[in-house]
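Here's structure.pdb, which has PDB, C-alpha atoms, pLDDT in the B column:
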ATOM      1  CA  MET B   1     119.947  83.315 115.660  1.00 92.00           C
ATOM      2  CA  LYS B   2     119.959  86.730 117.343  1.00 96.00           C
ATOM      3  CA  LYS B   3     117.597  89.661 116.797  1.00 97.00           C
ATOM      4  CA  GLU B   4     117.999  93.419 116.816  1.00 97.00           C
ATOM      5  CA  VAL B   5     115.306  96.040 116.236  1.00 98.00           C
ATOM      6  CA  LEU B   6     115.942  99.359 114.511  1.00 98.00           C
ATOM      7  CA  ASN B   7     113.398 102.193 114.544  1.00 98.00           C
ATOM      8  CA  ILE B   8     112.501 103.838 111.245  1.00 98.00           C
ATOM      9  CA  THR B   9     111.270 107.406 110.794  1.00 98.00           C
ATOM     10  CA  LEU B  10     110.081 108.412 107.331  1.00 98.00           C
ATOM     11  CA  GLU B  11     109.330 112.058 106.603  1.00 98.00           C
ATOM     12  CA  VAL B  12     107.372 112.974 103.477  1.00 98.00           C
ATOM     13  CA  PHE B  13     108.827 115.901 101.495  1.00 98.00           C
ATOM     14  CA  THR B  14     106.517 115.833  98.447  1.00 97.00           C
ATOM     15  CA  GLY B  15     103.061 114.280  98.129  1.00 96.00           C
ATOM     16  CA  LEU B  16     103.308 110.496  98.586  1.00 96.00           C
ATOM     17  CA  HIS B  17     101.135 108.044  96.703  1.00 95.00           C
ATOM     18  CA  ILE B  18     101.188 104.362  97.581  1.00 94.00           C
ATOM     19  CA  GLY B  19      98.049 103.097  95.926  1.00 87.00           C
ATOM     20  CA  ALA B  20      95.316 100.956  97.400  1.00 75.00           C
ATOM     21  CA  GLY B  21      93.916  99.750  94.077  1.00 62.00           C
ATOM     22  CA  ASN B  22      90.340 100.896  93.511  1.00 54.00           C
ATOM     23  CA  ASP B  23      87.782  98.317  92.382  1.00 48.00           C
ATOM     24  CA  ALA B  24      85.430 101.013  91.166  1.00 44.00           C
ATOM     25  CA  VAL B  25      85.654 104.741  90.670  1.00 44.00           C
ATOM     26  CA  GLN B  26      82.675 106.917  91.535  1.00 46.00           C
ATOM     27  CA  ILE B  27      81.805 109.927  89.403  1.00 44.00           C
ATOM     28  CA  GLY B  28      83.669 112.869  90.879  1.00 47.00           C
ATOM     29  CA  GLY B  29      85.685 110.515  93.051  1.00 49.00           C
ATOM     30  CA  VAL B  30      89.364 109.725  93.348  1.00 62.00           C
ATOM     31  CA  ASP B  31      90.749 107.516  90.597  1.00 75.00           C
ATOM     32  CA  SER B  32      93.653 106.239  92.688  1.00 87.00           C
ATOM     33  CA  ALA B  33      93.400 106.334  96.494  1.00 91.00           C
ATOM     34  CA  VAL B  34      96.276 105.878  98.925  1.00 94.00           C
ATOM     35  CA  ILE B  35      96.324 102.711 100.979  1.00 95.00           C
ATOM     36  CA  LYS B  36      94.701 103.145 104.400  1.00 96.00           C
ATOM     37  CA  ASP B  37      94.474 101.136 107.588  1.00 95.00           C
ATOM     38  CA  PRO B  38      91.095  99.327 107.432  1.00 94.00           C
ATOM     39  CA  VAL B  39      90.330 100.146 111.084  1.00 95.00           C
ATOM     40  CA  THR B  40      91.488 103.762 111.468  1.00 94.00           C
ATOM     41  CA  GLN B  41      91.125 104.760 107.802  1.00 95.00           C
ATOM     42  CA  LEU B  42      94.445 106.609 108.132  1.00 97.00           C
ATOM     43  CA  PRO B  43      97.196 106.275 105.519  1.00 97.00           C
ATOM     44  CA  TYR B  44     100.104 103.986 106.247  1.00 97.00           C
ATOM     45  CA  ILE B  45     103.148 102.621 104.405  1.00 97.00           C
ATOM     46  CA  PRO B  46     103.259  98.844 103.962  1.00 97.00           C
ATOM     47  CA  GLY B  47     106.559  97.318 105.013  1.00 97.00           C
ATOM     48  CA  SER B  48     106.557  95.481 101.673  1.00 96.00           C
ATOM     49  CA  SER B  49     106.605  98.804  99.791  1.00 96.00           C
ATOM     50  CA  LEU B  50     109.666 100.038 101.650  1.00 97.00           C
ATOM     51  CA  LYS B  51     111.434  96.682 101.469  1.00 97.00           C
ATOM     52  CA  GLY B  52     110.736  96.280  97.760  1.00 96.00           C
ATOM     53  CA  LYS B  53     111.960  99.773  96.917  1.00 97.00           C
ATOM     54  CA  LEU B  54     115.180  99.349  98.900  1.00 98.00           C
ATOM     55  CA  ARG B  55     115.851  96.002  97.262  1.00 96.00           C
ATOM     56  CA  CYS B  56     115.195  97.417  93.791  1.00 96.00           C
ATOM     57  CA  LEU B  57     117.568 100.341  94.380  1.00 97.00           C
ATOM     58  CA  LEU B  58     120.292  98.029  95.675  1.00 97.00           C
ATOM     59  CA  GLU B  59     119.907  95.949  92.516  1.00 95.00           C
ATOM     60  CA  THR B  60     119.842  98.861  90.065  1.00 95.00           C
ATOM     61  CA  GLU B  61     122.222 101.311  91.751  1.00 96.00           C
ATOM     62  CA  GLY B  62     124.069  99.362  94.417  1.00 94.00           C
ATOM     63  CA  GLY B  63     125.887  96.834  92.270  1.00 91.00           C
ATOM     64  CA  TYR B  64     123.887  93.819  93.472  1.00 93.00           C
ATOM     65  CA  GLY B  65     122.212  91.704  90.812  1.00 87.00           C
ATOM     66  CA  GLU B  66     118.781  90.156  91.251  1.00 88.00           C
ATOM     67  CA  GLU B  67     120.426  86.801  91.944  1.00 87.00           C
ATOM     68  CA  ASP B  68     123.172  88.106  94.221  1.00 92.00           C
ATOM     69  CA  GLU B  69     123.710  85.626  97.063  1.00 91.00           C
ATOM     70  CA  THR B  70     124.050  88.232  99.827  1.00 94.00           C
ATOM     71  CA  LEU B  71     121.071  90.310  98.693  1.00 95.00           C
ATOM     72  CA  ASN B  72     118.847  87.236  98.565  1.00 94.00           C
ATOM     73  CA  LYS B  73     120.048  86.124 101.998  1.00 94.00           C
ATOM     74  CA  TYR B  74     119.305  89.476 103.613  1.00 96.00           C
ATOM     75  CA  PHE B  75     116.067  90.419 101.803  1.00 96.00           C
ATOM     76  CA  GLY B  76     114.753  86.937 101.114  1.00 94.00           C
ATOM     77  CA  PRO B  77     115.285  84.696  98.085  1.00 92.00           C
ATOM     78  CA  ASN B  78     113.397  85.522  94.916  1.00 88.00           C
ATOM     79  CA  THR B  79     112.025  82.882  92.547  1.00 88.00           C
ATOM     80  CA  ASP B  80     114.823  83.127  89.986  1.00 87.00           C
ATOM     81  CA  PHE B  81     117.474  82.810  92.685  1.00 88.00           C
ATOM     82  CA  LEU B  82     115.859  79.662  94.103  1.00 87.00           C
ATOM     83  CA  ARG B  83     115.390  78.232  90.624  1.00 87.00           C
ATOM     84  CA  GLY B  84     119.106  78.698  89.976  1.00 86.00           C
ATOM     85  CA  LYS B  85     119.928  76.855  93.200  1.00 86.00           C
ATOM     86  CA  LYS B  86     117.672  73.838  92.725  1.00 85.00           C
ATOM     87  CA  ASP B  87     120.529  71.575  91.541  1.00 84.00           C
ATOM     88  CA  ASP B  88     123.075  72.938  94.028  1.00 86.00           C
ATOM     89  CA  LYS B  89     123.362  70.247  96.696  1.00 86.00           C
ATOM     90  CA  ASN B  90     125.479  72.553  98.878  1.00 86.00           C
ATOM     91  CA  PHE B  91     122.835  75.291  98.974  1.00 86.00           C
ATOM     92  CA  GLU B  92     120.963  75.623 102.235  1.00 84.00           C
ATOM     93  CA  GLN B  93     118.224  78.226 102.510  1.00 85.00           C
ATOM     94  CA  THR B  94     118.449  80.276 105.707  1.00 88.00           C
ATOM     95  CA  PRO B  95     115.940  82.657 107.331  1.00 91.00           C
ATOM     96  CA  THR B  96     115.501  86.081 105.719  1.00 95.00           C
ATOM     97  CA  ARG B  97     117.560  88.548 107.716  1.00 97.00           C
ATOM     98  CA  LEU B  98     115.498  91.754 107.278  1.00 98.00           C
ATOM     99  CA  ILE B  99     111.866  91.895 108.421  1.00 98.00           C
ATOM    100  CA  PHE B 100     110.094  95.188 107.629  1.00 98.00           C
ATOM    101  CA  ARG B 101     107.078  96.193 109.722  1.00 97.00           C
ATOM    102  CA  ASP B 102     104.379  98.505 108.370  1.00 98.00           C
ATOM    103  CA  LEU B 103     104.948 102.206 109.048  1.00 98.00           C
ATOM    104  CA  PHE B 104     102.148 104.192 110.690  1.00 98.00           C
ATOM    105  CA  LEU B 105     101.684 107.901 111.248  1.00 98.00           C
ATOM    106  CA  SER B 106     103.568 109.362 114.192  1.00 98.00           C
ATOM    107  CA  THR B 107     101.382 109.997 117.242  1.00 97.00           C
ATOM    108  CA  GLU B 108     101.430 113.743 116.604  1.00 97.00           C
ATOM    109  CA  ASP B 109     100.478 113.425 112.936  1.00 98.00           C
ATOM    110  CA  GLU B 110      97.823 110.810 113.662  1.00 97.00           C
ATOM    111  CA  GLN B 111      96.153 113.346 115.966  1.00 97.00           C
ATOM    112  CA  LYS B 112      96.307 115.976 113.216  1.00 97.00           C
ATOM    113  CA  PHE B 113      94.471 113.664 110.827  1.00 96.00           C
ATOM    114  CA  GLN B 114      91.921 112.592 113.431  1.00 95.00           C
ATOM    115  CA  SER B 115      91.161 116.204 114.399  1.00 96.00           C
ATOM    116  CA  GLY B 116      90.748 117.249 110.764  1.00 95.00           C
ATOM    117  CA  GLU B 117      93.708 119.638 110.898  1.00 96.00           C
ATOM    118  CA  TRP B 118      95.336 117.524 108.175  1.00 96.00           C
ATOM    119  CA  THR B 119      93.778 115.489 105.380  1.00 95.00           C
ATOM    120  CA  THR B 120      95.105 113.679 102.375  1.00 95.00           C
ATOM    121  CA  GLU B 121      95.325 115.858  99.285  1.00 93.00           C
ATOM    122  CA  THR B 122      93.973 115.194  95.821  1.00 91.00           C
ATOM    123  CA  LYS B 123      95.919 116.124  92.722  1.00 89.00           C
ATOM    124  CA  THR B 124      94.244 116.267  89.338  1.00 85.00           C
ATOM    125  CA  GLU B 125      96.379 115.327  86.367  1.00 82.00           C
ATOM    126  CA  ILE B 126      95.676 115.448  82.663  1.00 78.00           C
ATOM    127  CA  VAL B 127      96.951 113.786  79.527  1.00 74.00           C
ATOM    128  CA  ILE B 128      97.515 116.301  76.727  1.00 78.00           C
ATOM    129  CA  ASP B 129      96.336 115.652  73.177  1.00 73.00           C
ATOM    130  CA  ARG B 130      99.521 116.487  71.257  1.00 77.00           C
ATOM    131  CA  ASN B 131      97.634 117.587  68.138  1.00 77.00           C
ATOM    132  CA  LYS B 132      95.108 119.868  69.853  1.00 74.00           C
ATOM    133  CA  GLY B 133      97.205 121.055  72.774  1.00 71.00           C
ATOM    134  CA  THR B 134      94.252 120.440  75.087  1.00 71.00           C
ATOM    135  CA  ALA B 135      93.271 117.727  77.543  1.00 67.00           C
ATOM    136  CA  LYS B 136      92.739 114.388  75.839  1.00 74.00           C
ATOM    137  CA  ASP B 137      89.284 112.827  76.116  1.00 69.00           C
ATOM    138  CA  GLY B 138      89.314 110.559  79.139  1.00 63.00           C
ATOM    139  CA  GLY B 139      92.741 111.909  80.091  1.00 66.00           C
ATOM    140  CA  LEU B 140      91.675 113.437  83.394  1.00 78.00           C
ATOM    141  CA  ARG B 141      92.492 111.586  86.609  1.00 82.00           C
ATOM    142  CA  THR B 142      92.540 112.419  90.298  1.00 88.00           C
ATOM    143  CA  ILE B 143      95.263 111.018  92.549  1.00 91.00           C
ATOM    144  CA  GLU B 144      95.145 110.966  96.350  1.00 94.00           C
ATOM    145  CA  ARG B 145      98.404 111.767  98.163  1.00 95.00           C
ATOM    146  CA  VAL B 146      99.744 111.956 101.697  1.00 97.00           C
ATOM    147  CA  PRO B 147     100.745 115.608 102.217  1.00 96.00           C
ATOM    148  CA  PRO B 148     104.288 116.857 102.770  1.00 97.00           C
ATOM    149  CA  GLN B 149     105.538 117.023 106.378  1.00 96.00           C
ATOM    150  CA  ALA B 150     103.713 113.854 107.399  1.00 97.00           C
ATOM    151  CA  LYS B 151     105.894 111.482 109.411  1.00 98.00           C
ATOM    152  CA  PHE B 152     105.600 107.724 109.611  1.00 98.00           C
ATOM    153  CA  VAL B 153     107.288 105.473 112.132  1.00 98.00           C
ATOM    154  CA  GLY B 154     107.972 101.762 112.165  1.00 97.00           C
ATOM    155  CA  GLN B 155     110.588  99.127 112.723  1.00 98.00           C
ATOM    156  CA  VAL B 156     112.888  96.795 110.869  1.00 98.00           C
ATOM    157  CA  LEU B 157     113.891  93.575 112.589  1.00 98.00           C
ATOM    158  CA  ILE B 158     117.360  92.211 111.863  1.00 98.00           C
ATOM    159  CA  ARG B 159     117.801  88.475 112.394  1.00 97.00           C
ATOM    160  CA  HIS B 160     121.459  87.544 112.374  1.00 96.00           C
ATOM    161  CA  PHE B 161     124.099  85.021 113.234  1.00 94.00           C
ATOM    162  CA  ASP B 162     127.354  85.993 114.965  1.00 93.00           C
ATOM    163  CA  GLY B 163     129.567  88.250 112.897  1.00 94.00           C
ATOM    164  CA  GLU B 164     127.111  89.358 110.215  1.00 95.00           C
ATOM    165  CA  VAL B 165     124.967  92.116 111.778  1.00 97.00           C
ATOM    166  CA  ASP B 166     127.328  94.932 110.741  1.00 97.00           C
ATOM    167  CA  ASP B 167     127.273  93.790 107.117  1.00 97.00           C
ATOM    168  CA  ILE B 168     123.456  93.634 107.149  1.00 97.00           C
ATOM    169  CA  LYS B 169     123.261  97.152 108.579  1.00 97.00           C
ATOM    170  CA  THR B 170     125.734  98.425 105.984  1.00 97.00           C
ATOM    171  CA  MET B 171     123.599  97.107 103.125  1.00 97.00           C
ATOM    172  CA  LEU B 172     120.408  98.446 104.716  1.00 97.00           C
ATOM    173  CA  LYS B 173     121.894 101.919 105.191  1.00 97.00           C
ATOM    174  CA  LYS B 174     123.222 101.896 101.639  1.00 97.00           C
ATOM    175  CA  GLY B 175     119.716 101.212 100.351  1.00 98.00           C
ATOM    176  CA  ILE B 176     118.290 103.999 102.505  1.00 98.00           C
ATOM    177  CA  ASP B 177     120.875 106.446 101.142  1.00 98.00           C
ATOM    178  CA  PHE B 178     119.727 105.555  97.634  1.00 98.00           C
ATOM    179  CA  LEU B 179     116.072 106.002  98.620  1.00 98.00           C
ATOM    180  CA  ASN B 180     116.709 109.426 100.154  1.00 98.00           C
ATOM    181  CA  ASN B 181     117.993 110.467  96.735  1.00 97.00           C
ATOM    182  CA  ASP B 182     115.129 108.827  94.812  1.00 97.00           C
ATOM    183  CA  TYR B 183     111.410 108.412  95.589  1.00 97.00           C
ATOM    184  CA  LEU B 184     108.929 106.066  97.225  1.00 97.00           C
ATOM    185  CA  GLY B 185     105.586 105.046  95.775  1.00 95.00           C
ATOM    186  CA  GLY B 186     104.210 105.959  92.377  1.00 90.00           C
ATOM    187  CA  SER B 187     104.798 108.842  89.955  1.00 89.00           C
ATOM    188  CA  GLY B 188     108.244 109.802  91.205  1.00 92.00           C
ATOM    189  CA  SER B 189     109.152 111.268  87.832  1.00 91.00           C
ATOM    190  CA  ARG B 190     106.287 113.747  88.300  1.00 90.00           C
ATOM    191  CA  GLY B 191     107.545 114.948  91.672  1.00 93.00           C
ATOM    192  CA  TYR B 192     105.806 112.519  94.002  1.00 95.00           C
ATOM    193  CA  GLY B 193     107.347 110.597  96.873  1.00 96.00           C
ATOM    194  CA  ALA B 194     110.465 112.469  97.922  1.00 97.00           C
ATOM    195  CA  VAL B 195     111.150 111.188 101.436  1.00 98.00           C
ATOM    196  CA  LYS B 196     113.804 111.149 104.123  1.00 98.00           C
ATOM    197  CA  VAL B 197     114.299 107.924 106.016  1.00 98.00           C
ATOM    198  CA  THR B 198     116.355 107.695 109.191  1.00 97.00           C
ATOM    199  CA  LEU B 199     117.289 104.726 111.368  1.00 96.00           C
ATOM    200  CA  THR B 200     117.873 104.753 115.107  1.00 94.00           C
TER     201      THR B 200
END

structure tokens encoding of this file:
Amino acid sequence: MKKEVLNITLEVFTGLHIGAGNDAVQIGGVDSAVIKDPVTQLPYIPGSSLKGKLRCLLETEGGYGEEDETLNKYFGPNTDFLRGKKDDKNFEQTPTRLIFRDLFLSTEDEQKFQSGEWTTETKTEIVIDRNKGTAKDGGLRTIERVPPQAKFVGQVLIRHFDGEVDDIKTMLKKGIDFLNNDYLGGSGSRGYGAVKVTLT
């Protein structure tokens, strides 16, 4: 099996929220924080978030079903796919072809965060009481977002056998085209998570 590494650059166009999952919310605090590196406390994008979004878009917009043989070979087999293959004596599971690394802030943007020039932003949202036309009781929440213009960099590792690397790249680029016309993270229907991803 051969390996090839592609570099990923992800530029944020509108506030990006990939949540960390808060165990407790302090009064006056953020209800939903972005995920941060536990050492640097800087935001990052888990490789699993990017991989999962690309796979979902390929399933919903790319013509690949959840149990598509090629999709499961490249992105890794899901439970339903493996369950469907349990009585197939000719099926042989092979290594997942696409390995997504976490994406971290570019060196320049990391310095901006560390110097205090940039910070994450907080966006307050409300739920409207339809009868009163005012904010519903308990309908106020504060969301933390990575600001526009932030750039993240990372890598995707392609593991391949002879003759298949071009097909893997074609599927990967197709997914990225879908993502560049969609959103990453939560609340995309409210304007969050417009991004541009490029491969080199």

Note to self: Evaluate the PyMOL selection byres ((chain B and resi 173-176) around 12) against this structure - the residues, as a PyMOL selection string, please.
What the structure shows: chain B and resi 6+8-10+50-64+71+75+156+166-172+177-184+195-200

Dump C-alpha atoms for the selected residues as a PDB file, keeping the file's coordinate frame?
ATOM      1  CA  LEU B   6     115.942  99.359 114.511  1.00 98.00           C
ATOM      2  CA  ILE B   8     112.501 103.838 111.245  1.00 98.00           C
ATOM      3  CA  THR B   9     111.270 107.406 110.794  1.00 98.00           C
ATOM      4  CA  LEU B  10     110.081 108.412 107.331  1.00 98.00           C
ATOM      5  CA  LEU B  50     109.666 100.038 101.650  1.00 97.00           C
ATOM      6  CA  LYS B  51     111.434  96.682 101.469  1.00 97.00           C
ATOM      7  CA  GLY B  52     110.736  96.280  97.760  1.00 96.00           C
ATOM      8  CA  LYS B  53     111.960  99.773  96.917  1.00 97.00           C
ATOM      9  CA  LEU B  54     115.180  99.349  98.900  1.00 98.00           C
ATOM     10  CA  ARG B  55     115.851  96.002  97.262  1.00 96.00           C
ATOM     11  CA  CYS B  56     115.195  97.417  93.791  1.00 96.00           C
ATOM     12  CA  LEU B  57     117.568 100.341  94.380  1.00 97.00           C
ATOM     13  CA  LEU B  58     120.292  98.029  95.675  1.00 97.00           C
ATOM     14  CA  GLU B  59     119.907  95.949  92.516  1.00 95.00           C
ATOM     15  CA  THR B  60     119.842  98.861  90.065  1.00 95.00           C
ATOM     16  CA  GLU B  61     122.222 101.311  91.751  1.00 96.00           C
ATOM     17  CA  GLY B  62     124.069  99.362  94.417  1.00 94.00           C
ATOM     18  CA  GLY B  63     125.887  96.834  92.270  1.00 91.00           C
ATOM     19  CA  TYR B  64     123.887  93.819  93.472  1.00 93.00           C
ATOM     20  CA  LEU B  71     121.071  90.310  98.693  1.00 95.00           C
ATOM     21  CA  PHE B  75     116.067  90.419 101.803  1.00 96.00           C
ATOM     22  CA  VAL B 156     112.888  96.795 110.869  1.00 98.00           C
ATOM     23  CA  ASP B 166     127.328  94.932 110.741  1.00 97.00           C
ATOM     24  CA  ASP B 167     127.273  93.790 107.117  1.00 97.00           C
ATOM     25  CA  ILE B 168     123.456  93.634 107.149  1.00 97.00           C
ATOM     26  CA  LYS B 169     123.261  97.152 108.579  1.00 97.00           C
ATOM     27  CA  THR B 170     125.734  98.425 105.984  1.00 97.00           C
ATOM     28  CA  MET B 171     123.599  97.107 103.125  1.00 97.00           C
ATOM     29  CA  LEU B 172     120.408  98.446 104.716  1.00 97.00           C
ATOM     30  CA  ASP B 177     120.875 106.446 101.142  1.00 98.00           C
ATOM     31  CA  PHE B 178     119.727 105.555  97.634  1.00 98.00           C
ATOM     32  CA  LEU B 179     116.072 106.002  98.620  1.00 98.00           C
ATOM     33  CA  ASN B 180     116.709 109.426 100.154  1.00 98.00           C
ATOM     34  CA  ASN B 181     117.993 110.467  96.735  1.00 97.00           C
ATOM     35  CA  ASP B 182     115.129 108.827  94.812  1.00 97.00           C
ATOM     36  CA  TYR B 183     111.410 108.412  95.589  1.00 97.00           C
ATOM     37  CA  LEU B 184     108.929 106.066  97.225  1.00 97.00           C
ATOM     38  CA  VAL B 195     111.150 111.188 101.436  1.00 98.00           C
ATOM     39  CA  LYS B 196     113.804 111.149 104.123  1.00 98.00           C
ATOM     40  CA  VAL B 197     114.299 107.924 106.016  1.00 98.00           C
ATOM     41  CA  THR B 198     116.355 107.695 109.191  1.00 97.00           C
ATOM     42  CA  LEU B 199     117.289 104.726 111.368  1.00 96.00           C
ATOM     43  CA  THR B 200     117.873 104.753 115.107  1.00 94.00           C
TER      44      THR B 200
END

Checklist line | For Glu144 (chain B): contacts at 7 Å, all atoms listed in the file, fewer than 6 positions along chain excluded, given as a ChimeraX atom specification | finding: /B:17,30,32-34,120-123

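Residues in contact with Gly193 (chain B) at 6 Å, where all atoms listed in the file are counted and same-chain residues fewer than 5 positions away are skipped, are listed as B:Thr14, B:Gly15, B:Leu16, B:Tyr183, B:Leu184, B:Gly185, B:Gly188.
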
Margin query: I'd like the residues picked by the PyMOL selection byres ((chain B and resi 99) around 7) written out as a ChimeraX atom specification, using the chain letters and numbers from the file.
Written below: /B:97-98,100-101,156-158

Next item on the list: Rank B:Glu4, B:Glu11, B:Glu69, B:Glu92 by their smallest atom-to-atom distance to Pro148 (chain B), using all atoms listed in the file, and report the top residue only.
Entry: B:Glu11

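The closest residue to His160 (chain B), picked from B:Asn72, B:Phe104, B:Thr94, B:Thr142 and counting only C-alpha atoms, is B:Thr94.
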
Checklist line | Hits from the PyMOL selection byres ((chain B and resi 110) around 12), listed as a list in words | finding: Asp37, Thr40, Gln41, Leu42, Pro43, Tyr44, Phe104, Leu105, Ser106, Thr107, Glu108, Asp109, Gln111, Lys112, Phe113, Gln114, Ser115, Gly116, Glu117, Trp118, Thr119, Thr120, Ala150, Lys151, Phe152 and Val153 of chain B

Check: So how many Å separate CA of Asp162 (chain B) and CA of Gln93 (chain B), to one decimal?
Finding: 17.3 Å

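Picture a line from CA of Gly191 (chain B) to CA of Ile126 (chain B); it runs 14.9 Å.
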
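From CA of Pro95 (chain B) back to CA of Lys2 (chain B), the distance works out to 11.5 Å.
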
Note to self: Residues within 7 Å of Ile45 (chain B), please, as an MDAnalysis selection string. Count only C-alpha atoms; anything in the same chain fewer than 4 positions from it doesn't count.
What the structure shows: chainID B and resid 49 102:104
